[in-house]
Amino acid sequence: MENNLSISNYRFSENKKALEPLLWIGLVSIIMFFAGLTSAVIVSSTNASWKMFSLPNTFLYSTIAIILSSLTYQIGFMLVKKNNVIVPKLLFITTLILGLAFIYFQYIGLSNLYQQGVYATGSQSSNSSSFFYVLTVLHVVHLLFGIISLGVVSTKSMMNKYNRDNFLGIKLSLTYWHFLGLLWLYLFFFLTNMMSN
Amino acid sequence: MANSAIAHQESFISKYIFSRDHKMIAKQFMITGFTMGFIGIVMSVLFRLQLGWPGEKFWINDLLLGSWANGGVIAPDKYLALVTMHGTIMVFFMLTAGLSGTFSNLLIPLQIGARDMASGFINMLSYWIFFVSCIVMLVSLGVEGGAASAGWTIYPPLSALPEAIPGSGLGMTLWLVAMALFITSSLIGSLNYIVTIINLRTKGMNFMRLPLTIWSFLVTAILGVLSFPVLLSAVLLLVFDRSFGTSFYLSDIYIAGQALERFGGSPILFQHLFWFLGHPEVYIVLLPSLGITSEIVSTMSRKPIFGYKFMIGSILAIGGLSFIVWGHHMFVTGMNPFLGAVFTITTLLIAIPSAIKVFNYLTTLWRGNIIFSPAMLFSIGLISTFITGGLTGLILGDATLDINVHDTYFVVGHFHIVMGLSAVFGTFAGVYHWFPKMFGKMMNNTWGQIHFWITIVTAYGVFFPMHFLGLAGVPRRYYTNSTFPMFDDFVNLNEIISMFAIVAFIGQFIFIFNFLYSIYKGKKATQNPWNSNTLEWTTPVEHIHGNWPGEIPEVHRWPYDYNKPGYEEFIPQNIPLKEGETQSSH
């Protein structure tokens, strides 16, 4: 146990075995954050002024992109654990591209909504459209951290830093990425159900 | 010791400012939290002057408040700002960060047998984000329009429309920024506490050997991780309403006869989100104090804590129930009576684990060899306020009774006793008890006792009469009640309350003096001055980063082996069982 090393051998750097639980508990707090927001949607949807609108197809494309990105990332991770260091590089880059594609499709989707007259703010907006913009943008904000971690993983992978004995960084990033994928699936079905006609 | 010096050289900046050592970060939280607490208490004394002697001129107002009190009388809108900032500072900055930040940081690694927190960097970050949030909150006092004035609960629309009242402008914006920072600090701190307790316990320290302090810090941190994000979501929506033109909390509103363009939202939504944090927040404030009290009551009674497993169960039950009672703050919002009944039942259920805790405290004290140290006195004081405040909680938890006293001084008296005083007493108890561990010196016992008696008498003098004001219908947050003839009979009572508040405030200088004097001139502490069993007392008096110079001690028993029949008067956790000795029954 690192914790039981005598002080001369103890390194005051971050405790590696604590990183995974730190991430998991952090994810719980993100779940509560979005639970607060989506419960606010449920409460607000009972107001008479709640308006429904049509969701552009691009949100479906972004959903497909994030599902595919989880698959490529997972396969890459499994290959690293089998000490395959060549194919994962390609898969991590593919994941990064799919992640960026997700953000692009979200942007196009929101732009389409704007062109339809579904506004985020102002006197012509409604609470439903405001919530839609807020939730999708906040998800993207969280995703940006995932993109950063993917960038780090991809770069380190190119430098052959990972192998079957050293993959904690990928595991942490992968967990976060899967979580963001699941979070979007939840938001997508929730928002479709609550706001789309 | 030589090893430690080789292992970990520290500069002045890395040791005292951007320290990653949990003990130093604990001190930083304490100094900052207490400073904020002092500012919050000064505010309360100033607005008590107005309540006790409405319209009277006071030179102290001129001196401290300047343009907020032209001619020595606090302006009505600034009175609201003072009340709001007092509540905010005391609840969040003093009793959440000041209390939990101090003792969770100090005691978690020391009592579980860890070199430091799971992440020293995150721990440092948590403190400095808290520090910045304090600065932003204090800066908001000096901006145009004044500080936030919508009450510490910042209900919309007062908080959602910058034009609502003077404090709704920049002051409110800074309040929100400060709270967003505060929540971030609290969240990452809580993450660290939970992971440290789960992952870094020393060999032999299983969960049924954890001191009750650690159990209470663990549940407190879990409450924080689950509830603060919801407040963050509420605050975020409020920011959008204020600054970006949404209407999440804005229903049909007319300003000077003109309908607001934005509508369709509900201010009640904010209350739901706010109180989903707000009620667990009561226990985020209270549980650490209850944990501290458990430790001190057992140590200073020289007896094992009574009902260890039930104490753990009670902490877990209180934590769990705290998430399903928030509606009792909203009985008068037009809530469906059936839902009100549900919240009444869930609220009253909390009385069960609370009563178990009180019962166990009293049975631990019963026939103990009680040492009336200042820490013990404040712990007994906490038990007292937990009972008296808890009893009035039964009234406020029942929808049919609560409606009669809602938003009156009854509520103010209740939560100040059960949450404010209990948490403050727990904080004082903790400081007196672990001062030797923090500073290697002893605080003066006599001054500590005087401090306790002045504090408990004056605190009850302030908050107990408020129940009578509330029962008579005197509303809270009013600038003055002197314009309402039906409250004329209570003018003298308000004067008395204010006098007690002033004496209580002056009495705290005894503590401040004792604290500062003892750091420099106090008697040098021995390694285990209270003959306590927990691991922190096995570390050297002089601090080292890493806590133990050699191996971390292994744990062989629970922490409450005091006066075990046939054995020593106290047996620290790191002492192995003797031949034929059995583990104490929990």
# chains A, B, ... in the order shown; residues from 1 in each chain; ligands from 1

$ residues_around --residues "Asn494 in chain B" --least-positions-apart "6" --cutoff "12 Å" --atoms "only C-alpha atoms" --output "list in words"
Phe47, Arg48, Leu49, Gln50, Leu51, Gly52, Trp53, Pro54, Tyr409, Gly461, Val462, Phe463, Phe464, Pro465, Met466, His467, Phe468, Leu469, Gly470, Val474, Thr480, Asn481, Ser482, Phe487, Asp488, Phe500 and Ala501 of chain B

$ write_last_selection --atoms "N, CA and C atoms" --output "PDB file, in the first residue's frame"
ATOM      1  N   PHE B  47     -27.352  45.319  12.964  1.00  0.00           N
ATOM      2  CA  PHE B  47     -28.804  45.381  12.699  1.00  0.00           C
ATOM      3  C   PHE B  47     -29.626  45.089  13.950  1.00  0.00           C
ATOM      4  N   ARG B  48     -28.998  44.466  14.957  1.00  0.00           N
ATOM      5  CA  ARG B  48     -29.715  44.320  16.239  1.00  0.00           C
ATOM      6  C   ARG B  48     -29.864  45.676  16.919  1.00  0.00           C
ATOM      7  N   LEU B  49     -28.904  46.582  16.699  1.00  0.00           N
ATOM      8  CA  LEU B  49     -29.040  47.929  17.257  1.00  0.00           C
ATOM      9  C   LEU B  49     -30.294  48.587  16.692  1.00  0.00           C
ATOM     10  N   GLN B  50     -30.501  48.419  15.391  1.00  0.00           N
ATOM     11  CA  GLN B  50     -31.681  49.003  14.752  1.00  0.00           C
ATOM     12  C   GLN B  50     -32.952  48.361  15.284  1.00  0.00           C
ATOM     13  N   LEU B  51     -32.944  47.043  15.471  1.00  0.00           N
ATOM     14  CA  LEU B  51     -34.151  46.357  15.932  1.00  0.00           C
ATOM     15  C   LEU B  51     -34.453  46.665  17.396  1.00  0.00           C
ATOM     16  N   GLY B  52     -33.404  46.828  18.185  1.00  0.00           N
ATOM     17  CA  GLY B  52     -33.596  47.104  19.607  1.00  0.00           C
ATOM     18  C   GLY B  52     -34.014  48.544  19.857  1.00  0.00           C
ATOM     19  N   TRP B  53     -33.418  49.426  19.110  1.00  0.00           N
ATOM     20  CA  TRP B  53     -33.686  50.858  19.312  1.00  0.00           C
ATOM     21  C   TRP B  53     -33.928  51.506  17.941  1.00  0.00           C
ATOM     22  N   PRO B  54     -35.103  51.266  17.363  1.00  0.00           N
ATOM     23  CA  PRO B  54     -35.358  51.709  15.985  1.00  0.00           C
ATOM     24  C   PRO B  54     -35.191  53.229  15.828  1.00  0.00           C
ATOM     25  N   TYR B 409     -40.385  35.523  13.731  1.00  0.00           N
ATOM     26  CA  TYR B 409     -39.167  35.337  14.536  1.00  0.00           C
ATOM     27  C   TYR B 409     -39.083  33.961  15.184  1.00  0.00           C
ATOM     28  N   GLY B 461     -30.149  33.999  25.596  1.00  0.00           N
ATOM     29  CA  GLY B 461     -30.799  35.299  25.827  1.00  0.00           C
ATOM     30  C   GLY B 461     -31.208  35.969  24.526  1.00  0.00           C
ATOM     31  N   VAL B 462     -30.445  35.717  23.489  1.00  0.00           N
ATOM     32  CA  VAL B 462     -30.783  36.301  22.187  1.00  0.00           C
ATOM     33  C   VAL B 462     -31.911  35.513  21.515  1.00  0.00           C
ATOM     34  N   PHE B 463     -31.762  34.205  21.460  1.00  0.00           N
ATOM     35  CA  PHE B 463     -32.631  33.440  20.561  1.00  0.00           C
ATOM     36  C   PHE B 463     -33.876  32.837  21.226  1.00  0.00           C
ATOM     37  N   PHE B 464     -33.830  32.618  22.521  1.00  0.00           N
ATOM     38  CA  PHE B 464     -35.021  32.033  23.154  1.00  0.00           C
ATOM     39  C   PHE B 464     -36.216  32.992  23.113  1.00  0.00           C
ATOM     40  N   PRO B 465     -36.036  34.284  23.450  1.00  0.00           N
ATOM     41  CA  PRO B 465     -37.199  35.198  23.406  1.00  0.00           C
ATOM     42  C   PRO B 465     -37.769  35.373  21.998  1.00  0.00           C
ATOM     43  N   MET B 466     -36.978  35.099  21.006  1.00  0.00           N
ATOM     44  CA  MET B 466     -37.486  35.269  19.637  1.00  0.00           C
ATOM     45  C   MET B 466     -38.688  34.366  19.360  1.00  0.00           C
ATOM     46  N   HIS B 467     -38.750  33.233  20.055  1.00  0.00           N
ATOM     47  CA  HIS B 467     -39.904  32.345  19.868  1.00  0.00           C
ATOM     48  C   HIS B 467     -41.199  33.043  20.282  1.00  0.00           C
ATOM     49  N   PHE B 468     -41.112  33.840  21.347  1.00  0.00           N
ATOM     50  CA  PHE B 468     -42.316  34.541  21.810  1.00  0.00           C
ATOM     51  C   PHE B 468     -42.713  35.632  20.814  1.00  0.00           C
ATOM     52  N   LEU B 469     -41.705  36.310  20.270  1.00  0.00           N
ATOM     53  CA  LEU B 469     -41.991  37.303  19.232  1.00  0.00           C
ATOM     54  C   LEU B 469     -42.710  36.634  18.062  1.00  0.00           C
ATOM     55  N   GLY B 470     -42.181  35.479  17.677  1.00  0.00           N
ATOM     56  CA  GLY B 470     -42.756  34.773  16.532  1.00  0.00           C
ATOM     57  C   GLY B 470     -44.174  34.301  16.805  1.00  0.00           C
ATOM     58  N   VAL B 474     -44.704  38.504  15.061  1.00  0.00           N
ATOM     59  CA  VAL B 474     -43.728  39.501  14.593  1.00  0.00           C
ATOM     60  C   VAL B 474     -42.959  38.918  13.407  1.00  0.00           C
ATOM     61  N   THR B 480     -38.236  47.667  10.808  1.00  0.00           N
ATOM     62  CA  THR B 480     -38.692  48.086  12.131  1.00  0.00           C
ATOM     63  C   THR B 480     -40.118  47.597  12.346  1.00  0.00           C
ATOM     64  N   ASN B 481     -40.427  47.243  13.562  1.00  0.00           N
ATOM     65  CA  ASN B 481     -41.791  46.860  13.881  1.00  0.00           C
ATOM     66  C   ASN B 481     -42.496  47.943  14.683  1.00  0.00           C
ATOM     67  N   SER B 482     -41.828  49.103  14.847  1.00  0.00           N
ATOM     68  CA  SER B 482     -42.374  50.141  15.715  1.00  0.00           C
ATOM     69  C   SER B 482     -43.576  50.841  15.086  1.00  0.00           C
ATOM     70  N   PHE B 487     -47.485  45.370  17.828  1.00  0.00           N
ATOM     71  CA  PHE B 487     -46.206  44.837  18.299  1.00  0.00           C
ATOM     72  C   PHE B 487     -45.555  45.732  19.360  1.00  0.00           C
ATOM     73  N   ASP B 488     -46.286  46.766  19.806  1.00  0.00           N
ATOM     74  CA  ASP B 488     -45.704  47.707  20.775  1.00  0.00           C
ATOM     75  C   ASP B 488     -45.261  47.005  22.057  1.00  0.00           C
ATOM     76  N   PHE B 500     -28.389  41.349  24.889  1.00  0.00           N
ATOM     77  CA  PHE B 500     -27.721  40.039  24.956  1.00  0.00           C
ATOM     78  C   PHE B 500     -26.774  39.860  23.767  1.00  0.00           C
ATOM     79  N   ALA B 501     -27.228  40.306  22.600  1.00  0.00           N
ATOM     80  CA  ALA B 501     -26.396  40.147  21.394  1.00  0.00           C
ATOM     81  C   ALA B 501     -25.087  40.920  21.547  1.00  0.00           C
TER      82      ALA B 501
END

$ select_by_dssp --residues "range 228-407 of chain B" --states "strand (DSSP E or B)" --output "list in words"
Tyr254, Ile255, Gln258 and Ala259 of chain B

$ residues_around --residues "Trp184 in chain A" --least-positions-apart "5" --cutoff "12 Å" --atoms "only C-alpha atoms" --output "PyMOL selection string"
chain A and resi 31+34+59-60+62-67+70+102-103+106+135-140+142-143+177-179+189-192

$ write_last_selection --atoms "N, CA and C atoms" --output "PDB file, in the first residue's frame"
ATOM      1  N   ILE A  31     -24.046  14.267 -12.423  1.00  0.00           N
ATOM      2  CA  ILE A  31     -25.392  13.691 -12.551  1.00  0.00           C
ATOM      3  C   ILE A  31     -26.399  14.540 -11.768  1.00  0.00           C
ATOM      4  N   PHE A  34     -27.233  17.813 -13.604  1.00  0.00           N
ATOM      5  CA  PHE A  34     -28.199  17.668 -14.691  1.00  0.00           C
ATOM      6  C   PHE A  34     -29.544  17.174 -14.172  1.00  0.00           C
ATOM      7  N   PHE A  59     -29.558  16.549 -34.685  1.00  0.00           N
ATOM      8  CA  PHE A  59     -29.348  16.037 -33.319  1.00  0.00           C
ATOM      9  C   PHE A  59     -29.276  14.504 -33.313  1.00  0.00           C
ATOM     10  N   LEU A  60     -29.941  13.905 -34.295  1.00  0.00           N
ATOM     11  CA  LEU A  60     -29.832  12.452 -34.434  1.00  0.00           C
ATOM     12  C   LEU A  60     -28.421  12.090 -34.920  1.00  0.00           C
ATOM     13  N   SER A  62     -25.702  13.802 -34.436  1.00  0.00           N
ATOM     14  CA  SER A  62     -24.736  13.975 -33.337  1.00  0.00           C
ATOM     15  C   SER A  62     -24.820  12.810 -32.357  1.00  0.00           C
ATOM     16  N   THR A  63     -26.036  12.303 -32.177  1.00  0.00           N
ATOM     17  CA  THR A  63     -26.206  11.164 -31.271  1.00  0.00           C
ATOM     18  C   THR A  63     -25.466   9.940 -31.819  1.00  0.00           C
ATOM     19  N   ILE A  64     -25.601   9.733 -33.118  1.00  0.00           N
ATOM     20  CA  ILE A  64     -24.892   8.604 -33.741  1.00  0.00           C
ATOM     21  C   ILE A  64     -23.377   8.799 -33.603  1.00  0.00           C
ATOM     22  N   ALA A  65     -22.928  10.039 -33.805  1.00  0.00           N
ATOM     23  CA  ALA A  65     -21.483  10.329 -33.717  1.00  0.00           C
ATOM     24  C   ALA A  65     -20.939  10.001 -32.328  1.00  0.00           C
ATOM     25  N   ILE A  66     -21.683  10.363 -31.298  1.00  0.00           N
ATOM     26  CA  ILE A  66     -21.141  10.149 -29.940  1.00  0.00           C
ATOM     27  C   ILE A  66     -21.197   8.662 -29.572  1.00  0.00           C
ATOM     28  N   ILE A  67     -22.186   7.942 -30.101  1.00  0.00           N
ATOM     29  CA  ILE A  67     -22.228   6.490 -29.845  1.00  0.00           C
ATOM     30  C   ILE A  67     -21.025   5.820 -30.522  1.00  0.00           C
ATOM     31  N   SER A  70     -17.760   6.415 -28.686  1.00  0.00           N
ATOM     32  CA  SER A  70     -17.586   5.550 -27.509  1.00  0.00           C
ATOM     33  C   SER A  70     -17.067   4.177 -27.926  1.00  0.00           C
ATOM     34  N   PHE A 102     -19.510  15.634 -33.219  1.00  0.00           N
ATOM     35  CA  PHE A 102     -20.667  15.776 -32.334  1.00  0.00           C
ATOM     36  C   PHE A 102     -20.923  17.254 -32.045  1.00  0.00           C
ATOM     37  N   ILE A 103     -19.855  17.943 -31.691  1.00  0.00           N
ATOM     38  CA  ILE A 103     -20.014  19.368 -31.366  1.00  0.00           C
ATOM     39  C   ILE A 103     -20.500  20.141 -32.600  1.00  0.00           C
ATOM     40  N   GLN A 106     -24.149  19.521 -33.122  1.00  0.00           N
ATOM     41  CA  GLN A 106     -24.930  20.246 -32.106  1.00  0.00           C
ATOM     42  C   GLN A 106     -25.064  21.715 -32.495  1.00  0.00           C
ATOM     43  N   LEU A 135     -29.438  23.181 -21.762  1.00  0.00           N
ATOM     44  CA  LEU A 135     -28.998  21.802 -21.501  1.00  0.00           C
ATOM     45  C   LEU A 135     -28.002  21.315 -22.545  1.00  0.00           C
ATOM     46  N   THR A 136     -28.277  21.614 -23.832  1.00  0.00           N
ATOM     47  CA  THR A 136     -27.348  21.136 -24.869  1.00  0.00           C
ATOM     48  C   THR A 136     -25.998  21.841 -24.755  1.00  0.00           C
ATOM     49  N   VAL A 137     -26.035  23.138 -24.494  1.00  0.00           N
ATOM     50  CA  VAL A 137     -24.764  23.869 -24.400  1.00  0.00           C
ATOM     51  C   VAL A 137     -23.975  23.408 -23.162  1.00  0.00           C
ATOM     52  N   LEU A 138     -24.672  23.207 -22.050  1.00  0.00           N
ATOM     53  CA  LEU A 138     -23.952  22.747 -20.853  1.00  0.00           C
ATOM     54  C   LEU A 138     -23.345  21.360 -21.064  1.00  0.00           C
ATOM     55  N   HIS A 139     -24.037  20.525 -21.821  1.00  0.00           N
ATOM     56  CA  HIS A 139     -23.462  19.217 -22.130  1.00  0.00           C
ATOM     57  C   HIS A 139     -22.196  19.377 -22.968  1.00  0.00           C
ATOM     58  N   VAL A 140     -22.252  20.276 -23.945  1.00  0.00           N
ATOM     59  CA  VAL A 140     -21.072  20.515 -24.786  1.00  0.00           C
ATOM     60  C   VAL A 140     -19.918  21.066 -23.944  1.00  0.00           C
ATOM     61  N   HIS A 142     -19.259  20.387 -20.886  1.00  0.00           N
ATOM     62  CA  HIS A 142     -18.645  19.224 -20.225  1.00  0.00           C
ATOM     63  C   HIS A 142     -17.849  18.385 -21.225  1.00  0.00           C
ATOM     64  N   LEU A 143     -18.392  18.319 -22.459  1.00  0.00           N
ATOM     65  CA  LEU A 143     -17.721  17.515 -23.486  1.00  0.00           C
ATOM     66  C   LEU A 143     -16.362  18.107 -23.861  1.00  0.00           C
ATOM     67  N   TRP A 177     -15.643   9.827 -21.033  1.00  0.00           N
ATOM     68  CA  TRP A 177     -16.242   9.925 -22.370  1.00  0.00           C
ATOM     69  C   TRP A 177     -17.521   9.086 -22.467  1.00  0.00           C
ATOM     70  N   HIS A 178     -17.468   7.858 -21.960  1.00  0.00           N
ATOM     71  CA  HIS A 178     -18.676   7.021 -21.954  1.00  0.00           C
ATOM     72  C   HIS A 178     -19.794   7.715 -21.167  1.00  0.00           C
ATOM     73  N   PHE A 179     -19.399   8.299 -20.046  1.00  0.00           N
ATOM     74  CA  PHE A 179     -20.397   8.986 -19.216  1.00  0.00           C
ATOM     75  C   PHE A 179     -21.072  10.106 -20.004  1.00  0.00           C
ATOM     76  N   PHE A 189     -33.190  11.812 -25.359  1.00  0.00           N
ATOM     77  CA  PHE A 189     -34.523  11.211 -25.249  1.00  0.00           C
ATOM     78  C   PHE A 189     -35.424  12.032 -24.329  1.00  0.00           C
ATOM     79  N   PHE A 190     -34.838  12.589 -23.290  1.00  0.00           N
ATOM     80  CA  PHE A 190     -35.624  13.414 -22.368  1.00  0.00           C
ATOM     81  C   PHE A 190     -36.145  14.667 -23.072  1.00  0.00           C
ATOM     82  N   LEU A 191     -35.243  15.351 -23.764  1.00  0.00           N
ATOM     83  CA  LEU A 191     -35.635  16.601 -24.413  1.00  0.00           C
ATOM     84  C   LEU A 191     -36.604  16.337 -25.564  1.00  0.00           C
ATOM     85  N   THR A 192     -36.370  15.248 -26.284  1.00  0.00           N
ATOM     86  CA  THR A 192     -37.285  14.899 -27.374  1.00  0.00           C
ATOM     87  C   THR A 192     -38.691  14.675 -26.820  1.00  0.00           C
TER      88      THR A 192
END

$ select_by_dssp --residues "range 2-147 of chain A" --states "alpha helix (DSSP H)" --output "JSON, numbers by chain"
{"A": [19, 20, 21, 22, 23, 24, 25, 26, 27, 28, 29, 30, 31, 32, 33, 34, 35, 36, 37, 38, 39, 40, 41, 42, 43, 44, 58, 59, 60, 61, 62, 63, 64, 65, 66, 67, 68, 69, 70, 71, 72, 73, 74, 75, 76, 77, 78, 79, 80, 81, 87, 88, 89, 90, 91, 92, 93, 94, 95, 96, 97, 98, 99, 100, 101, 102, 103, 104, 105, 106, 107, 108, 109, 110, 111, 112, 113, 114, 115, 127, 128, 129, 130, 131, 132, 133, 134, 135, 136, 137, 138, 139, 140, 141, 142, 143, 144, 145, 146, 147]}

$ closest_residue --among "B:Gly473, B:Gly245, B:Pro559, B:Gly98" --to "Met36 in chain B" --atoms "only C-alpha atoms"
B:Gly98

$ closest_residue --among "B:His556, B:His279, B:Arg20, B:His406" --to "Arg476 in chain B" --atoms "only C-alpha atoms"
B:His406

$ closest_residue --among "A:Ser196, A:Thr46, A:Asn160, A:Ser54" --to "chain B" --atoms "only C-alpha atoms"
A:Thr46

$ closest_residue --among "B:Gly55, B:Gly189, B:Gly334, B:Gly580" --to "Thr483 in chain B" --atoms "only C-alpha atoms"
B:Gly55

$ atom_distance --atom1 "CA of Asp241 in chain B" --atom2 "CA of Ser111 in chain A"
21.5 Å

$ residues_around --residues "Cys134 in chain B" --least-positions-apart "2" --cutoff "9 Å" --atoms "only C-alpha atoms" --output "number ranges by chain"
B: 32-33, 36, 89, 93, 129-132, 136-139, 178, 182

$ closest_residue --among "B:Val332, B:Ile544, B:Ile371, B:Ile31" --to "chain A" --atoms "only C-alpha atoms"
B:Ile544

$ atom_distance --atom1 "CA of Met117 in chain B" --atom2 "CA of Ile25 in chain A"
15.3 Å

$ closest_residue --among "A:Ile97, A:Ala120, A:Val80, A:Leu91" --to "chain B" --atoms "only C-alpha atoms"
A:Ala120

$ atom_distance --atom1 "CA of Tyr79 in chain B" --atom2 "CA of Met172 in chain B"
15.2 Å

$ residues_around --residues "range 163-176 of chain A" --least-positions-apart "5" --cutoff "7 Å" --atoms "only C-alpha atoms" --output "compact mmCIF listing (two decimals) with N, CA and C atoms, in the first residue's frame"
# COMPACT_ATOMS: atom_id res chain seq x y z
N GLU A 20 -9.29 7.24 -9.76
CA GLU A 20 -10.51 6.65 -10.31
C GLU A 20 -11.74 6.95 -9.45
N TYR A 73 -13.37 4.41 -29.03
CA TYR A 73 -12.51 4.64 -27.85
C TYR A 73 -12.36 3.34 -27.06
N PHE A 77 -8.97 1.19 -26.35
CA PHE A 77 -8.54 0.91 -24.97
C PHE A 77 -8.27 -0.59 -24.78
N VAL A 80 -5.02 -1.54 -26.37
CA VAL A 80 -3.86 -1.11 -25.57
C VAL A 80 -3.60 -2.13 -24.46
N LYS A 81 -4.68 -2.60 -23.86
CA LYS A 81 -4.52 -3.58 -22.77
C LYS A 81 -3.91 -4.89 -23.29
N LYS A 82 -4.08 -5.13 -24.62
CA LYS A 82 -3.48 -6.33 -25.23
C LYS A 82 -2.10 -6.00 -25.80
N ASN A 83 -1.60 -4.83 -25.45
CA ASN A 83 -0.26 -4.36 -25.84
C ASN A 83 -0.15 -4.05 -27.34
N VAL A 85 -0.07 -1.33 -29.85
CA VAL A 85 0.13 0.13 -29.71
C VAL A 85 -0.06 0.87 -31.03
N GLY A 146 -13.79 16.55 -22.08
CA GLY A 146 -13.53 15.22 -22.64
C GLY A 146 -12.66 15.32 -23.88
N SER A 149 -9.14 15.85 -22.80
CA SER A 149 -8.52 14.60 -22.32
C SER A 149 -8.23 13.67 -23.49
N LEU A 150 -9.12 13.66 -24.50
CA LEU A 150 -8.87 12.84 -25.70
C LEU A 150 -7.64 13.32 -26.44
N VAL A 153 -4.70 12.05 -24.53
CA VAL A 153 -4.53 10.60 -24.75
C VAL A 153 -3.98 10.33 -26.14

$ residues_around --residues "range 508-519 of chain B" --least-positions-apart "6" --cutoff "7 Å" --atoms "only C-alpha atoms" --output "PDB file with C-alpha atoms, in the first residue's frame"
ATOM      1  CA  PHE B 439      -0.514  24.670  17.190  1.00  0.00           C
ATOM      2  CA  LYS B 441       0.191  24.676  22.530  1.00  0.00           C
ATOM      3  CA  MET B 442      -2.630  24.529  25.080  1.00  0.00           C
ATOM      4  CA  MET B 443      -5.382  27.117  25.308  1.00  0.00           C
ATOM      5  CA  ASN B 444      -6.080  28.656  28.700  1.00  0.00           C
ATOM      6  CA  TRP B 447     -10.629  31.764  29.924  1.00  0.00           C
ATOM      7  CA  GLY B 448     -12.211  28.963  27.939  1.00  0.00           C
ATOM      8  CA  HIS B 451     -15.999  32.161  27.338  1.00  0.00           C
TER       9      HIS B 451
END
